[in-house]
>>> print(open('data-v5.cif').read())   # mmCIF, N, CA and C atoms
data_data
#
loop_
_atom_site.label_atom_id
_atom_site.label_comp_id
_atom_site.auth_asym_id
_atom_site.auth_seq_id
_atom_site.Cartn_x
_atom_site.Cartn_y
_atom_site.Cartn_z
N MET Q 1195 0.84 24.29 9.13
CA MET Q 1195 2.18 24.39 8.58
C MET Q 1195 2.28 23.43 7.39
N ILE Q 1196 3.09 23.80 6.42
CA ILE Q 1196 3.26 22.95 5.26
C ILE Q 1196 4.14 21.75 5.61
N SER Q 1197 3.98 20.71 4.83
CA SER Q 1197 4.77 19.50 5.04
C SER Q 1197 6.14 19.65 4.37
N GLU Q 1198 7.01 18.70 4.67
CA GLU Q 1198 8.34 18.70 4.06
C GLU Q 1198 8.23 18.60 2.54
N ASP Q 1199 7.34 17.73 2.06
CA ASP Q 1199 7.14 17.56 0.63
C ASP Q 1199 6.68 18.87 -0.03
N GLU Q 1200 5.73 19.54 0.61
CA GLU Q 1200 5.23 20.81 0.07
C GLU Q 1200 6.34 21.87 0.06
N TYR Q 1201 7.13 21.89 1.12
CA TYR Q 1201 8.24 22.84 1.19
C TYR Q 1201 9.20 22.63 0.03
N TYR Q 1202 9.52 21.37 -0.25
CA TYR Q 1202 10.46 21.08 -1.33
C TYR Q 1202 9.86 21.31 -2.71
N GLN Q 1203 8.55 21.31 -2.82
CA GLN Q 1203 7.90 21.71 -4.08
C GLN Q 1203 8.09 23.21 -4.31
N LEU Q 1204 8.07 23.97 -3.22
CA LEU Q 1204 8.19 25.43 -3.30
C LEU Q 1204 9.64 25.90 -3.39
N LEU Q 1205 10.56 25.14 -2.82
CA LEU Q 1205 11.95 25.57 -2.70
C LEU Q 1205 12.59 26.03 -4.01
N PRO Q 1206 12.38 25.35 -5.14
CA PRO Q 1206 12.99 25.84 -6.39
C PRO Q 1206 12.49 27.24 -6.80
N HIS Q 1207 11.37 27.66 -6.23
CA HIS Q 1207 10.77 28.95 -6.58
C HIS Q 1207 11.02 30.02 -5.51
N LYS Q 1208 11.83 29.69 -4.53
CA LYS Q 1208 12.03 30.59 -3.39
C LYS Q 1208 12.53 31.97 -3.82
N GLU Q 1209 13.47 32.01 -4.74
CA GLU Q 1209 14.01 33.30 -5.21
C GLU Q 1209 12.91 34.14 -5.87
N ASP Q 1210 12.06 33.51 -6.66
CA ASP Q 1210 10.94 34.23 -7.30
C ASP Q 1210 9.96 34.75 -6.25
N ILE Q 1211 9.72 33.95 -5.21
CA ILE Q 1211 8.80 34.38 -4.15
C ILE Q 1211 9.39 35.58 -3.41
N ILE Q 1212 10.68 35.54 -3.14
CA ILE Q 1212 11.34 36.66 -2.46
C ILE Q 1212 11.26 37.92 -3.32
N LYS Q 1213 11.56 37.79 -4.60
CA LYS Q 1213 11.50 38.95 -5.51
C LYS Q 1213 10.08 39.49 -5.61
N PHE Q 1214 9.10 38.59 -5.59
CA PHE Q 1214 7.70 39.01 -5.67
C PHE Q 1214 7.33 39.93 -4.52
N GLN Q 1215 7.92 39.72 -3.35
CA GLN Q 1215 7.61 40.54 -2.19
C GLN Q 1215 7.92 42.01 -2.43
N THR Q 1216 8.88 42.30 -3.30
CA THR Q 1216 9.24 43.69 -3.57
C THR Q 1216 8.63 44.25 -4.85
N ASN Q 1217 8.60 43.44 -5.91
CA ASN Q 1217 8.15 44.01 -7.19
C ASN Q 1217 6.76 43.55 -7.64
N LYS Q 1218 6.13 42.64 -6.91
CA LYS Q 1218 4.77 42.15 -7.20
C LYS Q 1218 4.62 41.62 -8.63
N SER Q 1219 5.69 41.04 -9.13
CA SER Q 1219 5.68 40.47 -10.47
C SER Q 1219 6.26 39.07 -10.43
N LEU Q 1220 5.60 38.13 -11.11
CA LEU Q 1220 6.07 36.75 -11.14
C LEU Q 1220 6.72 36.44 -12.48
N ARG Q 1221 7.93 35.94 -12.42
CA ARG Q 1221 8.60 35.48 -13.63
C ARG Q 1221 7.99 34.18 -14.11
N ASN Q 1222 7.65 33.32 -13.14
CA ASN Q 1222 7.12 32.01 -13.44
C ASN Q 1222 5.78 31.83 -12.72
N PRO Q 1223 4.68 31.94 -13.42
CA PRO Q 1223 3.37 31.83 -12.77
C PRO Q 1223 3.03 30.43 -12.26
N ASN Q 1224 3.87 29.43 -12.55
CA ASN Q 1224 3.62 28.07 -12.06
C ASN Q 1224 3.58 28.02 -10.54
N ILE Q 1225 4.26 28.94 -9.87
CA ILE Q 1225 4.25 28.96 -8.42
C ILE Q 1225 2.83 29.15 -7.89
N LEU Q 1226 2.02 29.90 -8.61
CA LEU Q 1226 0.63 30.08 -8.18
C LEU Q 1226 -0.16 28.78 -8.25
N THR Q 1227 0.13 27.97 -9.24
CA THR Q 1227 -0.54 26.67 -9.37
C THR Q 1227 -0.14 25.76 -8.22
N ILE Q 1228 1.15 25.75 -7.88
CA ILE Q 1228 1.63 24.96 -6.76
C ILE Q 1228 0.99 25.46 -5.46
N ALA Q 1229 1.00 26.77 -5.27
CA ALA Q 1229 0.42 27.37 -4.07
C ALA Q 1229 -1.07 27.03 -3.98
N ASN Q 1230 -1.77 27.08 -5.09
CA ASN Q 1230 -3.20 26.77 -5.11
C ASN Q 1230 -3.45 25.34 -4.63
N LYS Q 1231 -2.65 24.40 -5.10
CA LYS Q 1231 -2.80 23.00 -4.68
C LYS Q 1231 -2.53 22.85 -3.18
N ILE Q 1232 -1.51 23.55 -2.68
CA ILE Q 1232 -1.20 23.49 -1.25
C ILE Q 1232 -2.35 24.08 -0.43
N PHE Q 1233 -2.87 25.22 -0.87
CA PHE Q 1233 -3.98 25.85 -0.16
C PHE Q 1233 -5.18 24.92 -0.09
N GLN Q 1234 -5.48 24.26 -1.20
CA GLN Q 1234 -6.63 23.36 -1.23
C GLN Q 1234 -6.42 22.17 -0.30
N ARG Q 1235 -5.20 21.63 -0.24
CA ARG Q 1235 -4.90 20.52 0.67
C ARG Q 1235 -5.07 20.93 2.13
N HIS Q 1236 -4.83 22.21 2.41
CA HIS Q 1236 -4.94 22.71 3.79
C HIS Q 1236 -6.30 23.32 4.08
N GLY Q 1237 -7.25 23.17 3.16
CA GLY Q 1237 -8.60 23.67 3.36
C GLY Q 1237 -8.71 25.18 3.33
N MET Q 1238 -7.81 25.83 2.61
CA MET Q 1238 -7.78 27.29 2.55
C MET Q 1238 -8.52 27.84 1.33
N GLY Q 1239 -9.15 26.97 0.54
CA GLY Q 1239 -9.86 27.43 -0.65
C GLY Q 1239 -8.91 27.58 -1.83
N SER Q 1240 -9.44 28.13 -2.90
CA SER Q 1240 -8.67 28.31 -4.14
C SER Q 1240 -8.27 29.76 -4.31
N ILE Q 1241 -7.20 29.95 -5.07
CA ILE Q 1241 -6.76 31.29 -5.43
C ILE Q 1241 -7.62 31.77 -6.59
N ASN Q 1242 -8.07 33.00 -6.52
CA ASN Q 1242 -8.80 33.63 -7.63
C ASN Q 1242 -7.74 34.20 -8.58
N PHE Q 1243 -7.47 33.48 -9.66
CA PHE Q 1243 -6.41 33.86 -10.59
C PHE Q 1243 -6.74 35.13 -11.38
N GLY Q 1244 -7.97 35.57 -11.35
CA GLY Q 1244 -8.37 36.79 -12.05
C GLY Q 1244 -8.26 38.03 -11.20
N CYS Q 1245 -7.83 37.87 -9.98
CA CYS Q 1245 -7.78 38.98 -9.01
C CYS Q 1245 -6.33 39.21 -8.59
N ASP Q 1246 -5.78 40.37 -8.93
CA ASP Q 1246 -4.38 40.65 -8.60
C ASP Q 1246 -4.13 40.68 -7.10
N SER Q 1247 -5.02 41.29 -6.35
CA SER Q 1247 -4.80 41.34 -4.90
C SER Q 1247 -4.90 39.95 -4.27
N CYS Q 1248 -5.71 39.07 -4.85
CA CYS Q 1248 -5.79 37.68 -4.36
C CYS Q 1248 -4.47 36.95 -4.61
N LYS Q 1249 -3.87 37.18 -5.77
CA LYS Q 1249 -2.58 36.56 -6.07
C LYS Q 1249 -1.49 37.11 -5.16
N ILE Q 1250 -1.52 38.40 -4.89
CA ILE Q 1250 -0.55 39.02 -3.99
C ILE Q 1250 -0.68 38.40 -2.59
N GLN Q 1251 -1.90 38.29 -2.11
CA GLN Q 1251 -2.12 37.70 -0.79
C GLN Q 1251 -1.69 36.24 -0.76
N ALA Q 1252 -1.95 35.50 -1.82
CA ALA Q 1252 -1.55 34.10 -1.88
C ALA Q 1252 -0.04 33.96 -1.81
N MET Q 1253 0.68 34.82 -2.52
CA MET Q 1253 2.13 34.76 -2.49
C MET Q 1253 2.68 35.15 -1.12
N THR Q 1254 2.03 36.10 -0.48
CA THR Q 1254 2.44 36.48 0.88
C THR Q 1254 2.20 35.32 1.84
N ASP Q 1255 1.06 34.67 1.71
CA ASP Q 1255 0.75 33.52 2.57
C ASP Q 1255 1.72 32.37 2.35
N ILE Q 1256 2.05 32.09 1.10
CA ILE Q 1256 2.94 30.97 0.81
C ILE Q 1256 4.35 31.28 1.33
N TRP Q 1257 4.77 32.55 1.24
CA TRP Q 1257 6.06 32.95 1.79
C TRP Q 1257 6.07 32.74 3.30
N ASN Q 1258 5.01 33.16 3.97
CA ASN Q 1258 4.92 32.99 5.42
C ASN Q 1258 4.93 31.52 5.82
N MET Q 1259 4.30 30.68 5.02
CA MET Q 1259 4.30 29.24 5.29
C MET Q 1259 5.71 28.66 5.16
N MET Q 1260 6.46 29.13 4.17
CA MET Q 1260 7.84 28.66 4.00
C MET Q 1260 8.70 29.10 5.18
N VAL Q 1261 8.56 30.34 5.60
CA VAL Q 1261 9.33 30.85 6.74
C VAL Q 1261 8.99 30.06 8.00
N GLU Q 1262 7.69 29.80 8.21
CA GLU Q 1262 7.26 29.04 9.37
C GLU Q 1262 7.88 27.64 9.36
N TYR Q 1263 7.89 26.99 8.20
CA TYR Q 1263 8.49 25.66 8.07
C TYR Q 1263 9.98 25.71 8.39
N GLU Q 1264 10.68 26.71 7.83
CA GLU Q 1264 12.13 26.82 8.04
C GLU Q 1264 12.45 27.06 9.52
N GLN Q 1265 11.67 27.89 10.18
CA GLN Q 1265 11.92 28.16 11.60
C GLN Q 1265 11.64 26.94 12.47
N ALA Q 1266 10.63 26.18 12.12
CA ALA Q 1266 10.28 24.99 12.90
C ALA Q 1266 11.27 23.85 12.68
N ASN Q 1267 12.00 23.89 11.57
CA ASN Q 1267 12.90 22.79 11.22
C ASN Q 1267 14.35 23.20 11.12
N LYS Q 1268 14.76 24.11 11.98
CA LYS Q 1268 16.16 24.56 12.00
C LYS Q 1268 17.05 23.46 12.50
#
>>> encode(input="data-v5.cif", output="structure tokens")
Amino acid sequence: MISEDEYYQLLPHKEDIIKFQTNKSLRNPNILTIANKIFQRHGMGSINFGCDSCKIQAMTDIWNMMVEYEQANK
């Protein structure tokens, strides 16, 4: 699960992450950089920025991590 600090790094981008789930388009690609750093801290490897399906999976994973954090900290 992500830490409180990591969650708050992602929180300003929450609306973009939600929109990405439907249209698969990022307004602000900085979220991928943040997600990449979080993945590396958690030993999940790096995002392949040249692969669209890898970016889609990364955004899905980061969304699930945010939901997990929110549910655990209600």
>>> residues_around(input="data-v5.cif", residues="Leu1204 of chain Q", least_positions_apart="6", cutoff="10 Å", atoms="only C-alpha atoms", output="ChimeraX atom specification")
/Q:1198,1211,1225,1228-1229,1232,1256-1257,1260
>>> residues_around(input="data-v5.cif", residues="segment 1215-1218 of chain Q", least_positions_apart="6", cutoff="8 Å", atoms="all atoms listed in the file", output="PyMOL selection string")
chain Q and resi 1209+1250+1253-1254
>>> axis_aligned_box(input="data-v5.cif", around="segment 1225-1230 of chain Q", padding_each_side="5 Å", output="AutoDock Vina command-line options")
--center_x 0.4 --center_y 27.5 --center_z -6.9 --size_x 17.7 --size_y 15.1 --size_z 15.9
>>> residues_near_point(input="data-v5.cif", point="(4.2, 22.0, 4.6)", cutoff="9 Å", atoms="only C-alpha atoms", output="PyMOL selection string")
chain Q and resi 1195-1202+1232+1259-1260+1263
>>> select_by_dssp(input="data-v5.cif", residues="chain Q", states="alpha helix (DSSP H)", output="PyMOL selection string")
chain Q and resi 1198-1204+1208-1217+1224-1235+1246-1266
>>> resolve_selection(input="data-v5.cif", expression="the PyMOL selection byres (((chain Q and resi 1221 and name CA) around 12) and name CA)", output="VMD selection string")
chain Q and resid 1207 to 1214 1217 to 1220 1222 to 1226
>>> write_last_selection(input="data-v5.cif", atoms="N, CA and C atoms", output="tab-separated table (two decimals), in the coordinates of the input")
chain	number	residue	atom	x	y	z
Q	1207	HIS	N	11.37	27.66	-6.23
Q	1207	HIS	CA	10.77	28.95	-6.58
Q	1207	HIS	C	11.02	30.02	-5.51
Q	1208	LYS	N	11.83	29.69	-4.53
Q	1208	LYS	CA	12.03	30.59	-3.39
Q	1208	LYS	C	12.53	31.97	-3.82
Q	1209	GLU	N	13.47	32.01	-4.74
Q	1209	GLU	CA	14.01	33.30	-5.21
Q	1209	GLU	C	12.91	34.14	-5.87
Q	1210	ASP	N	12.06	33.51	-6.66
Q	1210	ASP	CA	10.94	34.23	-7.30
Q	1210	ASP	C	9.96	34.75	-6.25
Q	1211	ILE	N	9.72	33.95	-5.21
Q	1211	ILE	CA	8.80	34.38	-4.15
Q	1211	ILE	C	9.39	35.58	-3.41
Q	1212	ILE	N	10.68	35.54	-3.14
Q	1212	ILE	CA	11.34	36.66	-2.46
Q	1212	ILE	C	11.26	37.92	-3.32
Q	1213	LYS	N	11.56	37.79	-4.60
Q	1213	LYS	CA	11.50	38.95	-5.51
Q	1213	LYS	C	10.08	39.49	-5.61
Q	1214	PHE	N	9.10	38.59	-5.59
Q	1214	PHE	CA	7.70	39.01	-5.67
Q	1214	PHE	C	7.33	39.93	-4.52
Q	1217	ASN	N	8.60	43.44	-5.91
Q	1217	ASN	CA	8.15	44.01	-7.19
Q	1217	ASN	C	6.76	43.55	-7.64
Q	1218	LYS	N	6.13	42.64	-6.91
Q	1218	LYS	CA	4.77	42.15	-7.20
Q	1218	LYS	C	4.62	41.62	-8.63
Q	1219	SER	N	5.69	41.04	-9.13
Q	1219	SER	CA	5.68	40.47	-10.47
Q	1219	SER	C	6.26	39.07	-10.43
Q	1220	LEU	N	5.60	38.13	-11.11
Q	1220	LEU	CA	6.07	36.75	-11.14
Q	1220	LEU	C	6.72	36.44	-12.48
Q	1222	ASN	N	7.65	33.32	-13.14
Q	1222	ASN	CA	7.12	32.01	-13.44
Q	1222	ASN	C	5.78	31.83	-12.72
Q	1223	PRO	N	4.68	31.94	-13.42
Q	1223	PRO	CA	3.37	31.83	-12.77
Q	1223	PRO	C	3.03	30.43	-12.26
Q	1224	ASN	N	3.87	29.43	-12.55
Q	1224	ASN	CA	3.62	28.07	-12.06
Q	1224	ASN	C	3.58	28.02	-10.54
Q	1225	ILE	N	4.26	28.94	-9.87
Q	1225	ILE	CA	4.25	28.96	-8.42
Q	1225	ILE	C	2.83	29.15	-7.89
Q	1226	LEU	N	2.02	29.90	-8.61
Q	1226	LEU	CA	0.63	30.08	-8.18
Q	1226	LEU	C	-0.16	28.78	-8.25
>>> atom_distance(input="data-v5.cif", atom1="atom CA of Thr1227 of chain Q", atom2="atom CA of Gln1265 of chain Q")
24.4 Å
>>> decode(input="data-v5.cif", residues="segment 1213-1245 of chain Q", atoms="N, CA, C and O atoms", output="mmCIF file, in the first residue's frame")
data_model
loop_
_atom_site.group_PDB
_atom_site.id
_atom_site.type_symbol
_atom_site.label_atom_id
_atom_site.label_comp_id
_atom_site.auth_asym_id
_atom_site.auth_seq_id
_atom_site.Cartn_x
_atom_site.Cartn_y
_atom_site.Cartn_z
ATOM 1 N N LYS Q 1213 -10.292 10.495 -15.011
ATOM 2 C CA LYS Q 1213 -10.623 10.708 -16.426
ATOM 3 C C LYS Q 1213 -9.864 9.728 -17.317
ATOM 4 O O LYS Q 1213 -10.384 9.259 -18.323
ATOM 5 N N PHE Q 1214 -8.631 9.424 -16.943
ATOM 6 C CA PHE Q 1214 -7.821 8.489 -17.725
ATOM 7 C C PHE Q 1214 -8.486 7.124 -17.810
ATOM 8 O O PHE Q 1214 -8.376 6.437 -18.820
ATOM 9 N N GLN Q 1215 -9.191 6.721 -16.755
ATOM 10 C CA GLN Q 1215 -9.841 5.415 -16.736
ATOM 11 C C GLN Q 1215 -10.857 5.275 -17.862
ATOM 12 O O GLN Q 1215 -11.112 4.170 -18.335
ATOM 13 N N THR Q 1216 -11.432 6.381 -18.315
ATOM 14 C CA THR Q 1216 -12.430 6.308 -19.387
ATOM 15 C C THR Q 1216 -11.873 6.655 -20.761
ATOM 16 O O THR Q 1216 -12.210 6.013 -21.739
ATOM 17 N N ASN Q 1217 -11.017 7.675 -20.831
ATOM 18 C CA ASN Q 1217 -10.585 8.118 -22.170
ATOM 19 C C ASN Q 1217 -9.144 7.752 -22.532
ATOM 20 O O ASN Q 1217 -8.698 8.024 -23.636
ATOM 21 N N LYS Q 1218 -8.394 7.154 -21.610
ATOM 22 C CA LYS Q 1218 -7.010 6.701 -21.847
ATOM 23 C C LYS Q 1218 -6.102 7.812 -22.378
ATOM 24 O O LYS Q 1218 -5.202 7.585 -23.159
ATOM 25 N N SER Q 1219 -6.369 9.032 -21.936
ATOM 26 C CA SER Q 1219 -5.573 10.173 -22.349
ATOM 27 C C SER Q 1219 -5.183 10.986 -21.121
ATOM 28 O O SER Q 1219 -6.020 11.241 -20.255
ATOM 29 N N LEU Q 1220 -3.916 11.386 -21.054
ATOM 30 C CA LEU Q 1220 -3.433 12.172 -19.927
ATOM 31 C C LEU Q 1220 -3.272 13.631 -20.324
ATOM 32 O O LEU Q 1220 -2.598 13.936 -21.308
ATOM 33 N N ARG Q 1221 -3.881 14.499 -19.555
ATOM 34 C CA ARG Q 1221 -3.692 15.932 -19.759
ATOM 35 C C ARG Q 1221 -2.310 16.352 -19.280
ATOM 36 O O ARG Q 1221 -1.662 17.187 -19.873
ATOM 37 N N ASN Q 1222 -1.890 15.745 -18.166
ATOM 38 C CA ASN Q 1222 -0.622 16.091 -17.555
ATOM 39 C C ASN Q 1222 0.221 14.820 -17.388
ATOM 40 O O ASN Q 1222 -0.019 14.036 -16.475
ATOM 41 N N PRO Q 1223 1.201 14.610 -18.230
ATOM 42 C CA PRO Q 1223 2.000 13.381 -18.152
ATOM 43 C C PRO Q 1223 2.905 13.304 -16.923
ATOM 44 O O PRO Q 1223 3.527 12.276 -16.683
ATOM 45 N N ASN Q 1224 2.972 14.365 -16.115
ATOM 46 C CA ASN Q 1224 3.793 14.329 -14.897
ATOM 47 C C ASN Q 1224 3.338 13.243 -13.940
ATOM 48 O O ASN Q 1224 4.131 12.755 -13.137
ATOM 49 N N ILE Q 1225 2.073 12.859 -14.000
ATOM 50 C CA ILE Q 1225 1.567 11.809 -13.124
ATOM 51 C C ILE Q 1225 2.315 10.499 -13.371
ATOM 52 O O ILE Q 1225 2.556 9.730 -12.450
ATOM 53 N N LEU Q 1226 2.717 10.261 -14.608
ATOM 54 C CA LEU Q 1226 3.479 9.044 -14.899
ATOM 55 C C LEU Q 1226 4.849 9.068 -14.228
ATOM 56 O O LEU Q 1226 5.325 8.038 -13.759
ATOM 57 N N THR Q 1227 5.456 10.226 -14.156
ATOM 58 C CA THR Q 1227 6.749 10.357 -13.488
ATOM 59 C C THR Q 1227 6.603 10.093 -12.000
ATOM 60 O O THR Q 1227 7.416 9.382 -11.395
ATOM 61 N N ILE Q 1228 5.550 10.644 -11.397
ATOM 62 C CA ILE Q 1228 5.288 10.408 -9.981
ATOM 63 C C ILE Q 1228 5.014 8.924 -9.748
ATOM 64 O O ILE Q 1228 5.561 8.318 -8.822
ATOM 65 N N ALA Q 1229 4.170 8.341 -10.589
ATOM 66 C CA ALA Q 1229 3.835 6.917 -10.467
ATOM 67 C C ALA Q 1229 5.093 6.064 -10.608
ATOM 68 O O ALA Q 1229 5.280 5.093 -9.863
ATOM 69 N N ASN Q 1230 5.957 6.412 -11.542
ATOM 70 C CA ASN Q 1230 7.193 5.660 -11.760
ATOM 71 C C ASN Q 1230 8.057 5.656 -10.498
ATOM 72 O O ASN Q 1230 8.597 4.623 -10.103
ATOM 73 N N LYS Q 1231 8.185 6.810 -9.852
ATOM 74 C CA LYS Q 1231 8.975 6.898 -8.622
ATOM 75 C C LYS Q 1231 8.361 6.049 -7.515
ATOM 76 O O LYS Q 1231 9.077 5.375 -6.769
ATOM 77 N N ILE Q 1232 7.032 6.068 -7.410
ATOM 78 C CA ILE Q 1232 6.350 5.258 -6.393
ATOM 79 C C ILE Q 1232 6.564 3.773 -6.673
ATOM 80 O O ILE Q 1232 6.870 2.995 -5.766
ATOM 81 N N PHE Q 1233 6.416 3.374 -7.931
ATOM 82 C CA PHE Q 1233 6.622 1.968 -8.295
ATOM 83 C C PHE Q 1233 8.029 1.515 -7.936
ATOM 84 O O PHE Q 1233 8.228 0.423 -7.405
ATOM 85 N N GLN Q 1234 9.011 2.342 -8.228
ATOM 86 C CA GLN Q 1234 10.393 1.979 -7.938
ATOM 87 C C GLN Q 1234 10.623 1.851 -6.436
ATOM 88 O O GLN Q 1234 11.318 0.939 -5.989
ATOM 89 N N ARG Q 1235 10.030 2.745 -5.629
ATOM 90 C CA ARG Q 1235 10.156 2.656 -4.176
ATOM 91 C C ARG Q 1235 9.542 1.369 -3.630
ATOM 92 O O ARG Q 1235 9.983 0.861 -2.618
ATOM 93 N N HIS Q 1236 8.520 0.875 -4.323
ATOM 94 C CA HIS Q 1236 7.834 -0.342 -3.875
ATOM 95 C C HIS Q 1236 8.374 -1.595 -4.554
ATOM 96 O O HIS Q 1236 7.792 -2.669 -4.435
ATOM 97 N N GLY Q 1237 9.472 -1.462 -5.296
ATOM 98 C CA GLY Q 1237 10.096 -2.603 -5.947
ATOM 99 C C GLY Q 1237 9.291 -3.171 -7.101
ATOM 100 O O GLY Q 1237 9.407 -4.352 -7.424
ATOM 101 N N MET Q 1238 8.494 -2.332 -7.743
ATOM 102 C CA MET Q 1238 7.631 -2.772 -8.838
ATOM 103 C C MET Q 1238 8.266 -2.547 -10.209
ATOM 104 O O MET Q 1238 7.631 -2.784 -11.227
ATOM 105 N N GLY Q 1239 9.506 -2.066 -10.255
ATOM 106 C CA GLY Q 1239 10.158 -1.807 -11.531
ATOM 107 C C GLY Q 1239 9.780 -0.445 -12.074
ATOM 108 O O GLY Q 1239 9.111 0.346 -11.422
ATOM 109 N N SER Q 1240 10.205 -0.184 -13.294
ATOM 110 C CA SER Q 1240 9.957 1.102 -13.944
ATOM 111 C C SER Q 1240 8.865 0.973 -14.991
ATOM 112 O O SER Q 1240 8.641 -0.094 -15.544
ATOM 113 N N ILE Q 1241 8.233 2.098 -15.269
ATOM 114 C CA ILE Q 1241 7.236 2.160 -16.335
ATOM 115 C C ILE Q 1241 7.973 2.295 -17.655
ATOM 116 O O ILE Q 1241 8.901 3.093 -17.785
ATOM 117 N N ASN Q 1242 7.562 1.547 -18.654
ATOM 118 C CA ASN Q 1242 8.101 1.682 -20.008
ATOM 119 C C ASN Q 1242 7.313 2.805 -20.684
ATOM 120 O O ASN Q 1242 6.199 2.605 -21.149
ATOM 121 N N PHE Q 1243 7.905 3.991 -20.737
ATOM 122 C CA PHE Q 1243 7.216 5.164 -21.264
ATOM 123 C C PHE Q 1243 6.981 5.094 -22.772
ATOM 124 O O PHE Q 1243 6.209 5.861 -23.315
ATOM 125 N N GLY Q 1244 7.618 4.170 -23.454
ATOM 126 C CA GLY Q 1244 7.427 4.003 -24.891
ATOM 127 C C GLY Q 1244 6.317 3.032 -25.243
ATOM 128 O O GLY Q 1244 6.026 2.803 -26.413
ATOM 129 N N CYS Q 1245 5.686 2.477 -24.249
ATOM 130 C CA CYS Q 1245 4.667 1.437 -24.446
ATOM 131 C C CYS Q 1245 3.324 1.940 -23.915
ATOM 132 O O CYS Q 1245 3.179 2.164 -22.715
#
